[in-house]
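One structure is given here, and the rest of the page talks about it.
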Amino acid sequence: MTNLVWPDKIPLPTVDGYQISPTEGVIRTDMEAGAARARRRFTQTPAKVAVRWNLRPLTYAIFEAWFKHEAKEGAEWFDIELLGGIGMATHQARFTKAYQAKLVRKNQWEVTGELEIRNRPTLTQGALGILLDSELEDLQRSADNFDILVNQHLPTENW
């Protein structure tokens with residue numbers, strides 16, 4: 001496990017352009033006769049995540065230096081909070097290639113890249129069983145109400 005952590009001085013990726021692409025986790029072998037044979041390649045299927053940041057010049061300078069010195073040009077794994085099916089969760093990630101940066105305004109850089117993540121957090125098998133046996137509309141309504149309570153009505157400071 002890695003000790004390198006995404007710096008809190010650099011914001012998390014935006015949702016604009018955010019995309020998760022799981023790696024093919026199954027190998028299929030066509031048979032001479034009959035159905036193809038399929039088997040799992042991994043027990044923990046890696047995934048690629050397209051990410052984008054909108055950074056002010058000083059934050060971009062920090063990003064560039066962190067990528068070069070700490071992430072070793074993208075070779076090092078690091079912990080970062082990313083959005084997935086279960087919400088925000090810590091993922092182990094590394095860059096698949098160098099990022100791209102485009103100056104979009106005098107004081108704003110648009111940085112795009114691709115992360116490879118491993119051990120993607122998902123529901124446990126037990127939680128999946130409970131949800132499959134539940135009324136999803138009721139659960140979703142409760143989750144939406146809880147989100148509104150936490151993110152719109154509760155105070156955010158001094159917690």
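Letters A, B, ... mark the chains of the structure tokens in the order given; residue numbers begin at 1 per chain; ligand numbers begin at 1, in order shown.
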Practice task
Would you kindly return, as a PyMOL selection string, each protein, DNA or RNA residue with an atom no farther than 9 Å from any atom of Thr122 in chain A, considering only C-alpha atoms and excluding same-chain residues fewer than 3 positions away?
Solution key: chain A and resi 84-86+119
Practice task
Assign secondary structure with DSSP using the backbone only, and return the residues of range 87-139 of chain A in alpha helix (DSSP H) as JSON, numbers by chain.
Solution key: {"A": [125, 126, 127, 128, 129, 130, 131, 132, 136, 137, 138, 139]}
Per-residue nearest contacts of range 114-155 of chain A to range 44-68 of chain A (8 Å; only C-alpha atoms) as a Markdown table:
| residue | atom | partner | partner_atom | distance |
| --- | --- | --- | --- | --- |
| A:Glu114 | CA | A:Ala50 | CA | 4.6 |
| A:Leu115 | CA | A:Val49 | CA | 5.0 |
| A:Glu116 | CA | A:Lys48 | CA | 4.6 |
| A:Ile117 | CA | A:Ala47 | CA | 5.4 |
| A:Arg118 | CA | A:Pro46 | CA | 4.7 |
| A:Asn119 | CA | A:Gln44 | CA | 5.6 |
| A:Arg120 | CA | A:Pro46 | CA | 7.2 |
Once you count only C-alpha atoms, what closest atom pair and distance in Å to one decimal does each residue of range 65-107 of chain A within 10 Å of range 12-36 of chain A have, with rows by chain and rising residue number, as a tab-separated table?
residue	atom	partner	partner_atom	distance
A:Ile80	CA	A:Leu12	CA	8.0
A:Glu81	CA	A:Leu12	CA	7.3
A:Leu82	CA	A:Leu12	CA	7.7
A:Leu83	CA	A:Val15	CA	8.7
A:Gly84	CA	A:Ile20	CA	8.1
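Reported to one decimal place, the separation of CA of Lys102 in chain A from CA of Phe78 in chain A is 24.1 Å.
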Handout entry: d(CA of Leu136 in chain A, CA of Ile148 in chain A) in Å
Key =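 CA of Leu136 in chain A sits 18.1 Å away from CA of Ile148 in chain A.
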Handout entry: DSSP strand (DSSP E or B) residues within chain A, listed as a ChimeraX atom specification
Key = /A:5,19-22,26-29,37-40,47-55,78-84,87-95,100-105,108-118
Fill in the blank from the handout: Separating CA of His91 in chain A from CA of Asp138 in chain A, to the nearest tenth of an Å, is a gap of 29.2 Å
Practice task
Using only C-alpha atoms, find the one residue out of A:Ala127, A:Leu149, A:Ala93, A:Leu103 that sits nearest to Ala75 in chain A.
Solution key: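 Between A:Ala127, A:Leu149, A:Ala93, A:Leu103, the residue approaching Ala75 in chain A most closely is A:Ala93.
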